[in-house]
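Structure below is coords_3.cif: mmCIF, C-alpha atoms.
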```
data_entry
#
loop_
_atom_site.label_atom_id
_atom_site.label_comp_id
_atom_site.auth_asym_id
_atom_site.auth_seq_id
_atom_site.Cartn_x
_atom_site.Cartn_y
_atom_site.Cartn_z
CA MET A 92 104.88 28.85 89.00
CA ASN A 93 102.43 26.30 87.63
CA ILE A 94 99.27 25.85 89.69
CA GLU A 95 97.07 22.78 89.35
CA VAL A 96 93.39 23.81 89.61
CA GLU A 97 91.73 20.54 90.49
CA GLN A 98 88.38 19.51 91.86
CA LYS A 99 87.49 15.98 92.94
CA HIS A 100 84.10 14.35 93.48
CA CYS A 101 83.03 11.02 94.90
CA VAL A 102 80.77 9.27 92.33
CA ASP A 103 77.78 7.59 93.99
CA ASN A 104 76.23 6.42 90.73
CA PRO A 105 78.97 5.67 88.18
CA ALA A 106 76.54 4.35 85.53
CA ALA A 107 74.47 7.56 85.53
CA LEU A 108 77.57 9.76 85.27
CA GLN A 109 78.95 7.67 82.40
CA VAL A 110 75.68 8.36 80.53
CA ARG A 111 76.00 12.12 81.14
CA LEU A 112 79.59 12.02 79.87
CA ALA A 113 78.63 9.93 76.84
CA VAL A 114 75.91 12.46 75.93
CA ARG A 115 78.65 15.10 75.78
CA GLY A 116 80.67 12.84 73.46
CA VAL A 117 83.25 11.99 76.11
CA THR A 118 85.13 8.69 75.79
CA LEU A 119 87.14 7.37 78.73
CA GLY A 120 90.73 6.52 77.84
CA LEU A 121 92.56 3.29 78.59
CA ALA A 122 93.13 2.54 82.28
CA ILE A 123 96.53 3.49 83.72
CA VAL A 124 97.51 1.76 86.97
CA GLN A 125 99.30 4.08 89.42
CA ALA A 126 100.87 3.23 92.77
CA ASP A 127 101.51 6.38 94.83
CA THR A 128 103.64 6.04 97.96
CA TYR A 129 103.35 8.98 100.35
CA PHE A 130 106.06 10.06 102.76
CA ALA A 131 106.10 11.78 106.15
CA HIS A 132 108.52 14.72 106.55
CA PRO A 133 111.15 14.27 109.30
CA CYS A 134 110.15 17.49 111.10
CA ARG A 135 106.93 18.82 109.56
CA ASN A 136 103.49 17.35 110.03
CA PHE A 137 102.28 17.24 106.41
CA ALA A 138 98.70 16.60 107.64
CA GLU A 139 98.86 20.00 109.41
CA THR A 140 100.83 21.92 106.77
CA ASP A 141 98.63 20.45 103.99
CA GLU A 142 101.64 19.38 101.93
CA ALA A 143 102.47 16.03 100.37
CA LEU A 144 105.50 14.22 99.04
CA ARG A 145 104.99 11.09 97.00
CA ILE A 146 106.68 8.74 94.56
CA ARG A 147 104.43 7.62 91.72
CA VAL A 148 105.11 4.42 89.82
CA GLU A 149 103.22 4.19 86.53
CA GLY A 150 104.32 1.26 84.40
CA ALA A 151 108.07 1.64 83.85
CA ASP A 152 107.97 5.35 84.74
CA CYS A 153 108.69 6.85 88.13
CA PHE A 154 108.13 10.42 89.38
CA VAL A 155 108.63 12.35 92.59
CA THR A 156 105.94 14.92 93.36
CA TYR A 157 105.71 17.69 95.95
CA LYS A 158 102.33 19.32 96.55
CA GLY A 159 102.09 22.57 98.49
CA PRO A 160 99.14 23.70 100.65
CA LYS A 161 95.77 24.20 98.94
CA LEU A 162 95.22 27.84 97.97
CA ASP A 163 91.43 28.17 98.39
CA ALA A 164 88.42 26.50 100.02
CA THR A 165 86.62 24.81 97.09
CA THR A 166 89.05 23.62 94.46
CA LYS A 167 92.28 21.78 95.20
CA SER A 168 94.48 24.47 93.61
CA ARG A 169 98.02 24.15 94.91
CA ARG A 170 101.64 24.46 93.97
CA GLU A 171 102.91 21.23 92.40
CA LEU A 172 106.42 20.15 91.49
CA GLU A 173 106.71 16.85 89.61
CA LEU A 174 110.07 15.54 88.44
CA PRO A 175 110.84 12.36 86.51
CA LEU A 176 113.23 10.00 88.28
CA ALA A 177 116.08 8.29 86.48
CA ALA A 178 116.65 6.03 89.51
CA SER A 179 114.26 3.27 90.56
CA HIS A 180 111.46 3.67 93.07
CA ALA A 181 113.45 1.56 95.57
CA GLU A 182 116.64 3.63 95.21
CA PHE A 183 114.86 6.94 95.66
CA THR A 184 112.92 5.56 98.66
CA GLU A 185 116.28 4.56 100.20
CA LEU A 186 117.56 8.12 99.70
CA LEU A 187 114.42 9.59 101.29
CA ALA A 188 114.70 7.14 104.22
CA ALA A 189 118.34 8.19 104.81
CA LEU A 190 117.10 11.80 105.05
CA GLY A 191 114.39 10.84 107.58
CA PHE A 192 111.34 10.63 105.29
CA GLU A 193 109.24 7.58 106.18
CA SER A 194 106.73 5.99 103.84
CA VAL A 195 103.19 6.28 105.22
CA MET A 196 100.95 4.43 102.75
CA THR A 197 100.66 3.42 99.12
CA VAL A 198 97.50 4.45 97.25
CA ARG A 199 96.72 2.20 94.29
CA LYS A 200 94.35 3.28 91.58
CA SER A 201 93.18 2.61 88.08
CA ARG A 202 92.83 5.94 86.25
CA ARG A 203 91.02 6.50 82.92
CA PRO A 204 91.79 9.94 81.48
CA PHE A 205 89.34 11.98 79.41
CA GLU A 206 89.06 15.46 77.88
CA LEU A 207 86.06 17.79 78.02
CA GLN A 208 85.52 21.13 76.27
CA HIS A 209 83.98 23.72 78.59
CA GLY A 210 84.09 27.53 78.80
CA GLY A 211 86.40 27.65 75.80
CA GLN A 212 88.96 25.47 77.53
CA SER A 213 89.98 21.83 77.30
CA VAL A 214 89.49 20.42 80.78
CA HIS A 215 91.50 17.34 81.71
CA GLY A 216 89.45 14.70 83.54
CA ALA A 217 90.27 11.47 85.35
CA TRP A 218 87.91 8.61 86.15
CA ASP A 219 89.54 6.99 89.19
CA GLU A 220 88.83 3.61 90.80
CA ILE A 221 90.67 3.69 94.12
CA ASP A 222 91.49 0.45 95.94
CA GLY A 223 89.46 0.52 99.17
CA LEU A 224 87.56 3.76 98.39
CA GLY A 225 85.47 3.45 95.22
CA THR A 226 84.98 5.68 92.17
CA PHE A 227 85.94 9.37 91.92
CA VAL A 228 86.12 11.93 89.13
CA GLU A 229 88.75 14.67 89.01
CA LEU A 230 88.60 17.77 86.79
CA GLU A 231 91.79 19.73 86.23
CA LEU A 232 93.17 22.82 84.49
CA SER A 233 96.69 24.20 84.62
CA ALA A 234 96.90 27.90 85.45
CA ASP A 235 99.29 30.58 86.59
CA ASP A 236 98.62 33.45 89.01
CA ALA A 237 96.93 35.55 86.28
CA SER A 238 94.56 32.82 85.01
CA LEU A 239 93.82 31.15 88.35
CA ALA A 240 90.39 32.72 89.07
CA ALA A 241 89.09 32.07 85.55
CA ALA A 242 90.25 28.45 85.65
CA GLN A 243 88.53 27.88 88.99
CA GLN A 244 85.29 29.28 87.55
CA VAL A 245 85.45 26.94 84.52
CA ILE A 246 85.99 23.88 86.73
CA SER A 247 83.16 24.79 89.15
CA SER A 248 80.69 25.44 86.37
CA LEU A 249 81.55 22.16 84.61
CA ALA A 250 81.14 20.20 87.87
CA ALA A 251 77.68 21.73 88.32
CA GLU A 252 76.64 20.85 84.75
CA LEU A 253 77.72 17.25 85.30
CA GLN A 254 75.72 17.17 88.58
CA LEU A 255 78.81 16.05 90.45
CA GLY A 256 77.62 17.14 93.90
CA PRO A 257 79.93 18.59 96.58
CA SER A 258 83.67 18.58 95.97
CA GLU A 259 85.94 16.38 98.06
CA ARG A 260 88.93 18.34 99.31
CA ARG A 261 90.55 15.45 101.14
CA SER A 262 93.23 13.53 99.27
CA TYR A 263 92.87 9.82 98.57
CA LEU A 264 95.58 9.36 101.18
CA GLU A 265 93.58 11.33 103.77
CA LEU A 266 90.40 9.44 102.92
CA LEU A 267 92.21 6.10 103.29
CA LEU A 268 93.77 7.21 106.59
CA GLY A 269 90.34 8.44 107.77
CA GLN A 270 91.62 11.96 108.36
CA SER A 271 89.39 15.04 108.15
CA SER A 272 90.48 17.97 106.02
CA MET B 152 125.41 -1.81 100.99
CA ASN B 153 128.30 -0.28 99.05
CA ILE B 154 130.92 1.48 101.20
CA GLU B 155 133.33 4.00 99.74
CA VAL B 156 136.77 3.56 101.37
CA GLU B 157 138.40 6.87 100.67
CA GLN B 158 141.41 8.73 101.96
CA LYS B 159 142.27 12.32 101.08
CA HIS B 160 145.55 14.23 101.39
CA CYS B 161 146.50 17.86 100.91
CA VAL B 162 149.39 18.05 98.41
CA ASP B 163 152.03 20.58 99.51
CA ASN B 164 154.36 19.86 96.60
CA PRO B 165 152.34 18.87 93.52
CA ALA B 166 155.40 18.68 91.22
CA ALA B 167 157.20 16.15 93.49
CA LEU B 168 154.09 13.97 93.78
CA GLN B 169 153.58 14.01 90.01
CA VAL B 170 157.13 12.65 89.63
CA ARG B 171 156.43 9.83 92.14
CA LEU B 172 153.24 8.96 90.25
CA ALA B 173 155.00 9.07 86.87
CA VAL B 174 157.68 6.69 88.18
CA ARG B 175 154.87 4.20 88.88
CA GLY B 176 153.61 4.63 85.31
CA VAL B 177 150.54 6.64 86.37
CA THR B 178 149.01 9.07 83.86
CA LEU B 179 146.48 11.64 85.03
CA GLY B 180 143.25 11.57 83.01
CA LEU B 181 141.51 14.53 81.40
CA ALA B 182 140.17 17.16 83.79
CA ILE B 183 136.47 16.92 84.71
CA VAL B 184 134.88 20.08 86.11
CA GLN B 185 132.42 19.39 88.95
CA ALA B 186 130.18 21.84 90.79
CA ASP B 187 128.86 20.33 94.03
CA THR B 188 126.10 22.19 95.85
CA TYR B 189 125.62 21.11 99.46
CA PHE B 190 122.36 21.37 101.36
CA ALA B 191 121.43 21.82 105.02
CA HIS B 192 118.77 19.44 106.41
CA PRO B 193 115.62 21.15 107.75
CA CYS B 194 115.94 19.54 111.20
CA ARG B 195 119.31 17.82 111.44
CA ASN B 196 122.67 19.54 111.81
CA PHE B 197 124.68 17.68 109.13
CA ALA B 198 127.93 19.16 110.57
CA GLU B 199 127.12 17.33 113.84
CA THR B 200 125.68 14.13 112.34
CA ASP B 201 128.56 13.96 109.82
CA GLU B 202 126.18 13.48 106.89
CA ALA B 203 125.99 15.34 103.58
CA LEU B 204 123.48 15.89 100.82
CA ARG B 205 124.66 17.37 97.57
CA ILE B 206 123.75 17.86 93.94
CA ARG B 207 126.66 17.37 91.56
CA VAL B 208 126.67 18.93 88.11
CA GLU B 209 129.28 17.43 85.79
CA GLY B 210 128.92 18.59 82.22
CA ALA B 211 125.37 17.71 81.14
CA ASP B 212 125.00 15.13 83.92
CA CYS B 213 123.42 15.71 87.30
CA PHE B 214 123.41 13.48 90.39
CA VAL B 215 122.06 13.63 93.92
CA THR B 216 124.30 12.12 96.58
CA TYR B 217 123.73 11.29 100.24
CA LYS B 218 126.76 10.49 102.39
CA GLY B 219 126.32 8.90 105.80
CA PRO B 220 128.62 9.38 108.83
CA LYS B 221 132.24 8.23 108.51
CA LEU B 222 132.73 4.72 109.87
CA ASP B 223 136.28 4.93 111.27
CA ALA B 224 138.96 7.41 112.35
CA THR B 225 141.51 7.32 109.49
CA THR B 226 139.84 6.68 106.14
CA LYS B 227 136.68 8.40 104.99
CA SER B 228 134.69 5.13 104.69
CA ARG B 229 130.98 5.89 104.75
CA ARG B 230 127.66 4.86 103.34
CA GLU B 231 127.03 6.57 100.02
CA LEU B 232 123.90 6.72 97.88
CA GLU B 233 124.28 8.38 94.49
CA LEU B 234 121.37 8.59 92.05
CA PRO B 235 121.30 10.09 88.56
CA LEU B 236 118.74 12.87 88.11
CA ALA B 237 116.52 13.09 85.05
CA ALA B 238 115.43 16.59 86.09
CA SER B 239 117.69 19.63 85.95
CA HIS B 240 119.80 20.89 88.83
CA ALA B 241 117.45 23.89 89.20
CA GLU B 242 114.28 21.76 89.32
CA PHE B 243 115.68 19.39 91.92
CA THR B 244 116.97 22.33 94.00
CA GLU B 245 113.43 23.78 93.92
CA LEU B 246 112.04 20.46 95.20
CA LEU B 247 114.62 20.34 98.00
CA ALA B 248 113.84 23.98 98.92
CA ALA B 249 110.11 23.19 99.14
CA LEU B 250 111.00 20.42 101.61
CA GLY B 251 113.11 22.80 103.72
CA PHE B 252 116.61 21.92 102.49
CA GLU B 253 118.66 25.09 101.98
CA SER B 254 121.76 25.28 99.81
CA VAL B 255 124.85 26.06 101.89
CA MET B 256 127.71 26.39 99.42
CA THR B 257 128.91 25.23 96.02
CA VAL B 258 132.35 23.57 95.82
CA ARG B 259 133.94 23.84 92.38
CA LYS B 260 136.79 21.62 91.38
CA SER B 261 138.77 20.31 88.46
CA ARG B 262 139.31 16.55 88.93
CA ARG B 263 141.80 14.39 86.99
CA PRO B 264 141.15 10.68 87.59
CA PHE B 265 143.87 8.03 87.61
CA GLU B 266 144.25 4.31 88.38
CA LEU B 267 146.98 2.69 90.48
CA GLN B 268 147.68 -1.02 91.05
CA HIS B 269 148.47 -1.79 94.70
CA GLY B 270 148.08 -4.83 96.94
CA GLY B 271 146.52 -6.77 94.07
CA GLN B 272 143.77 -4.18 93.67
CA SER B 273 143.07 -1.36 91.24
CA VAL B 274 142.82 1.78 93.35
CA HIS B 275 140.88 4.70 91.93
CA GLY B 276 142.63 8.05 92.40
CA ALA B 277 141.65 11.67 91.87
CA TRP B 278 143.94 14.67 91.45
CA ASP B 279 141.77 17.56 92.62
CA GLU B 280 142.31 21.30 92.19
CA ILE B 281 139.75 22.94 94.48
CA ASP B 282 138.76 26.58 93.95
CA GLY B 283 139.97 28.45 97.02
CA LEU B 284 141.77 25.48 98.64
CA GLY B 285 144.55 24.14 96.40
CA THR B 286 145.61 20.63 95.32
CA PHE B 287 144.47 17.37 96.95
CA VAL B 288 144.77 13.69 96.10
CA GLU B 289 142.06 11.15 96.91
CA LEU B 290 142.51 7.37 96.89
CA GLU B 291 139.41 5.19 96.81
CA LEU B 292 138.27 1.56 96.80
CA SER B 293 134.72 0.23 96.86
CA ALA B 294 134.06 -2.39 99.52
CA ASP B 295 131.31 -4.16 101.36
CA ASP B 296 131.20 -5.15 105.04
CA ALA B 297 133.33 -8.27 104.41
CA SER B 298 136.09 -6.54 102.42
CA LEU B 299 136.16 -3.25 104.35
CA ALA B 300 139.21 -3.89 106.58
CA ALA B 301 141.34 -5.21 103.70
CA ALA B 302 140.42 -2.23 101.50
CA GLN B 303 141.36 0.21 104.26
CA GLN B 304 144.76 -1.52 104.62
CA VAL B 305 145.45 -1.27 100.87
CA ILE B 306 144.64 2.46 100.82
CA SER B 307 146.76 3.26 103.91
CA SER B 308 149.75 1.34 102.62
CA LEU B 309 149.56 3.04 99.21
CA ALA B 310 149.33 6.49 100.82
CA ALA B 311 152.48 5.72 102.84
CA GLU B 312 154.36 4.57 99.71
CA LEU B 313 153.43 7.79 97.91
CA GLN B 314 154.63 9.81 100.95
CA LEU B 315 151.27 11.55 101.13
CA GLY B 316 151.56 12.63 104.77
CA PRO B 317 148.59 12.70 107.19
CA SER B 318 145.10 12.10 105.83
CA GLU B 319 142.57 14.93 105.75
CA ARG B 320 139.25 13.78 107.15
CA ARG B 321 137.44 17.07 106.64
CA SER B 322 135.40 17.43 103.46
CA TYR B 323 136.17 20.17 100.93
CA LEU B 324 132.96 21.80 102.15
CA GLU B 325 134.17 21.74 105.76
CA LEU B 326 137.58 23.07 104.75
CA LEU B 327 135.98 25.92 102.80
CA LEU B 328 133.63 26.70 105.69
CA GLY B 329 136.60 26.58 108.10
CA GLN B 330 135.00 23.87 110.23
CA SER B 331 137.01 21.35 112.23
CA SER B 332 136.26 17.65 111.88
#
```
What would you get if you wrote out this structure as structure tokens?
Amino acid sequence: MNIEVEQKHCVDNPAALQVRLAVRGVTLGLAIVQADTYFAHPCRNFAETDEALRIRVEGADCFVTYKGPKLDATTKSRRELELPLAASHAEFTELLAALGFESVMTVRKSRRPFELQHGGQSVHGAWDEIDGLGTFVELELSADDASLAAAQQVISSLAAELQLGPSERRSYLELLLGQSS
Amino acid sequence: MNIEVEQKHCVDNPAALQVRLAVRGVTLGLAIVQADTYFAHPCRNFAETDEALRIRVEGADCFVTYKGPKLDATTKSRRELELPLAASHAEFTELLAALGFESVMTVRKSRRPFELQHGGQSVHGAWDEIDGLGTFVELELSADDASLAAAQQVISSLAAELQLGPSERRSYLELLLGQSS
């Protein structure tokens, strides 16, 4: 089982953080525009079970993603299943609707990926501009059960070095809906 | 909305029916082996709502199919959504399991397709050998709301000409589970 160890931070001063990243030799990649539509389960309250089901449209590509409950209190580590879709976004949404899954909201963002070496690992980063929310940075490592604790330590230590402040555990969807975690 | 107008018949005497088909110039196509895994909905009883969700594996291809309730008493006309899957059968089953859909049973069949001209239309037929059930013939036309009644008439009249006997409204899954329609 792949586990996504992920930590997200609201960026109050984007210019200052870009300087700190530049000092470390980090270059932000080209912006990718993503539209993520989230769905409500027909008989589970995903806000209570801390799960999510979404369809992501990214250019001509389309994916369905299930995220399980977060596994600990600081990072956003959780089970994640992401499958490419051969059908269109509209066709898969029609299938989900027939099964009782209703679309809740679409989160639109511009994401600029970057890579950062830290603790002997290559940490994947994302510089996110979220429609209606502002700028966020995400740091991510893939882990399995055996490497989970070490990966969480690498991410926390890197966030501290970058002076990222407290982590934001709420999803962009929750922040847009004004929910508390 | 595409509607599948479909009528199915148990074949008591396959040899006699093959002669009647041959007289009409019908040749059975090559056998396709299909394994259909059906899923239970987490909070709907599909046996009561007359719906179905299945994953079909056919050679290297994989599809997810939703079937809505039957629309009338004789044919098996119903709403059908079938989408190709880019992910494997196992990956999509894992996604469905995470969402609370449990696999109920896998129906395995060898299907030989054929075409038959009747009532000015090309009717799609299938000669099915179902593991554990025996031989069945299905007759099918695609229709929309406007052409539904005419398509049902063509299928019924062809079934009578082929001396197919009463139609079987229960699915192969229901027959294997011993359910009544």
Enumerate as a list in words the residues belonging to chain B that approach chain A to within 8 Å, with all atoms listed in the file taken into account.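 Taking all atoms listed in the file into account, His192, Pro193, Cys194, Tyr217, Leu232, Leu234, Pro235, Leu236, Ala237, Ala238, Glu242, Phe243, Leu246, Ala249 and Leu250 of chain B sit within 8 Å of chain A.
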Serialized selection, C-alpha atoms, as a compact mmCIF listing (two decimals), in the frame of the given file:
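Below is the file that was written, again09.txt:
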```txt
# COMPACT_ATOMS: atom_id res chain seq x y z
CA HIS B 192 118.77 19.44 106.41
CA PRO B 193 115.62 21.15 107.75
CA CYS B 194 115.94 19.54 111.20
CA TYR B 217 123.73 11.29 100.24
CA LEU B 232 123.90 6.72 97.88
CA LEU B 234 121.37 8.59 92.05
CA PRO B 235 121.30 10.09 88.56
CA LEU B 236 118.74 12.87 88.11
CA ALA B 237 116.52 13.09 85.05
CA ALA B 238 115.43 16.59 86.09
CA GLU B 242 114.28 21.76 89.32
CA PHE B 243 115.68 19.39 91.92
CA LEU B 246 112.04 20.46 95.20
CA ALA B 249 110.11 23.19 99.14
CA LEU B 250 111.00 20.42 101.61
```
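For the atom pair formed by CA of Arg170 (chain A) and CA of Asp187 (chain B), the distance is 27.5 Å, given to one decimal.
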For the PyMOL selection byres ((chain B and resi 279) around 8), applied here, can you spell out every residue it catches as a list in words?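 Evaluating the PyMOL selection byres ((chain B and resi 279) around 8) on these coordinates yields Lys260, Ser261, Arg262, Arg263, Ala277, Trp278, Glu280, Ile281, Thr286, Phe287, Val288 and Glu289 of chain B.
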Starting from the PyMOL selection byres ((chain A and resi 169) around 12), expand the selection into actual residues of this file and give them as a VMD selection string. chain A and resid 92 to 98 141 to 143 157 to 168 170 to 172 231 to 236 239 243 260
Okay, now the selection with C-alpha atoms, as an mmCIF file, in the frame of the given file?
```cif
data_model
loop_
_atom_site.group_PDB
_atom_site.id
_atom_site.type_symbol
_atom_site.label_atom_id
_atom_site.label_comp_id
_atom_site.auth_asym_id
_atom_site.auth_seq_id
_atom_site.Cartn_x
_atom_site.Cartn_y
_atom_site.Cartn_z
ATOM 1 C CA MET A 92 104.880 28.850 89.000
ATOM 2 C CA ASN A 93 102.430 26.300 87.630
ATOM 3 C CA ILE A 94 99.270 25.850 89.690
ATOM 4 C CA GLU A 95 97.070 22.780 89.350
ATOM 5 C CA VAL A 96 93.390 23.810 89.610
ATOM 6 C CA GLU A 97 91.730 20.540 90.490
ATOM 7 C CA GLN A 98 88.380 19.510 91.860
ATOM 8 C CA ASP A 141 98.630 20.450 103.990
ATOM 9 C CA GLU A 142 101.640 19.380 101.930
ATOM 10 C CA ALA A 143 102.470 16.030 100.370
ATOM 11 C CA TYR A 157 105.710 17.690 95.950
ATOM 12 C CA LYS A 158 102.330 19.320 96.550
ATOM 13 C CA GLY A 159 102.090 22.570 98.490
ATOM 14 C CA PRO A 160 99.140 23.700 100.650
ATOM 15 C CA LYS A 161 95.770 24.200 98.940
ATOM 16 C CA LEU A 162 95.220 27.840 97.970
ATOM 17 C CA ASP A 163 91.430 28.170 98.390
ATOM 18 C CA ALA A 164 88.420 26.500 100.020
ATOM 19 C CA THR A 165 86.620 24.810 97.090
ATOM 20 C CA THR A 166 89.050 23.620 94.460
ATOM 21 C CA LYS A 167 92.280 21.780 95.200
ATOM 22 C CA SER A 168 94.480 24.470 93.610
ATOM 23 C CA ARG A 170 101.640 24.460 93.970
ATOM 24 C CA GLU A 171 102.910 21.230 92.400
ATOM 25 C CA LEU A 172 106.420 20.150 91.490
ATOM 26 C CA GLU A 231 91.790 19.730 86.230
ATOM 27 C CA LEU A 232 93.170 22.820 84.490
ATOM 28 C CA SER A 233 96.690 24.200 84.620
ATOM 29 C CA ALA A 234 96.900 27.900 85.450
ATOM 30 C CA ASP A 235 99.290 30.580 86.590
ATOM 31 C CA ASP A 236 98.620 33.450 89.010
ATOM 32 C CA LEU A 239 93.820 31.150 88.350
ATOM 33 C CA GLN A 243 88.530 27.880 88.990
ATOM 34 C CA ARG A 260 88.930 18.340 99.310
#
```
For a cutoff of 12 Å around the file-coordinate point (78.1, 17.4, 95.9), which residues qualify once you count only C-alpha atoms? I'd like the result as a count of residues only. 21
Centre and edge lengths, as lines of an AutoDock Vina configuration file, for the axis-aligned box enclosing every listed atom of region 255-262 of chain A with 8 Å of padding on each of the six sides, in Å to one decimal?
```
center_x = 85.4
center_y = 16.1
center_z = 95.8
size_x = 31.6
size_y = 21.1
size_z = 26.7
```
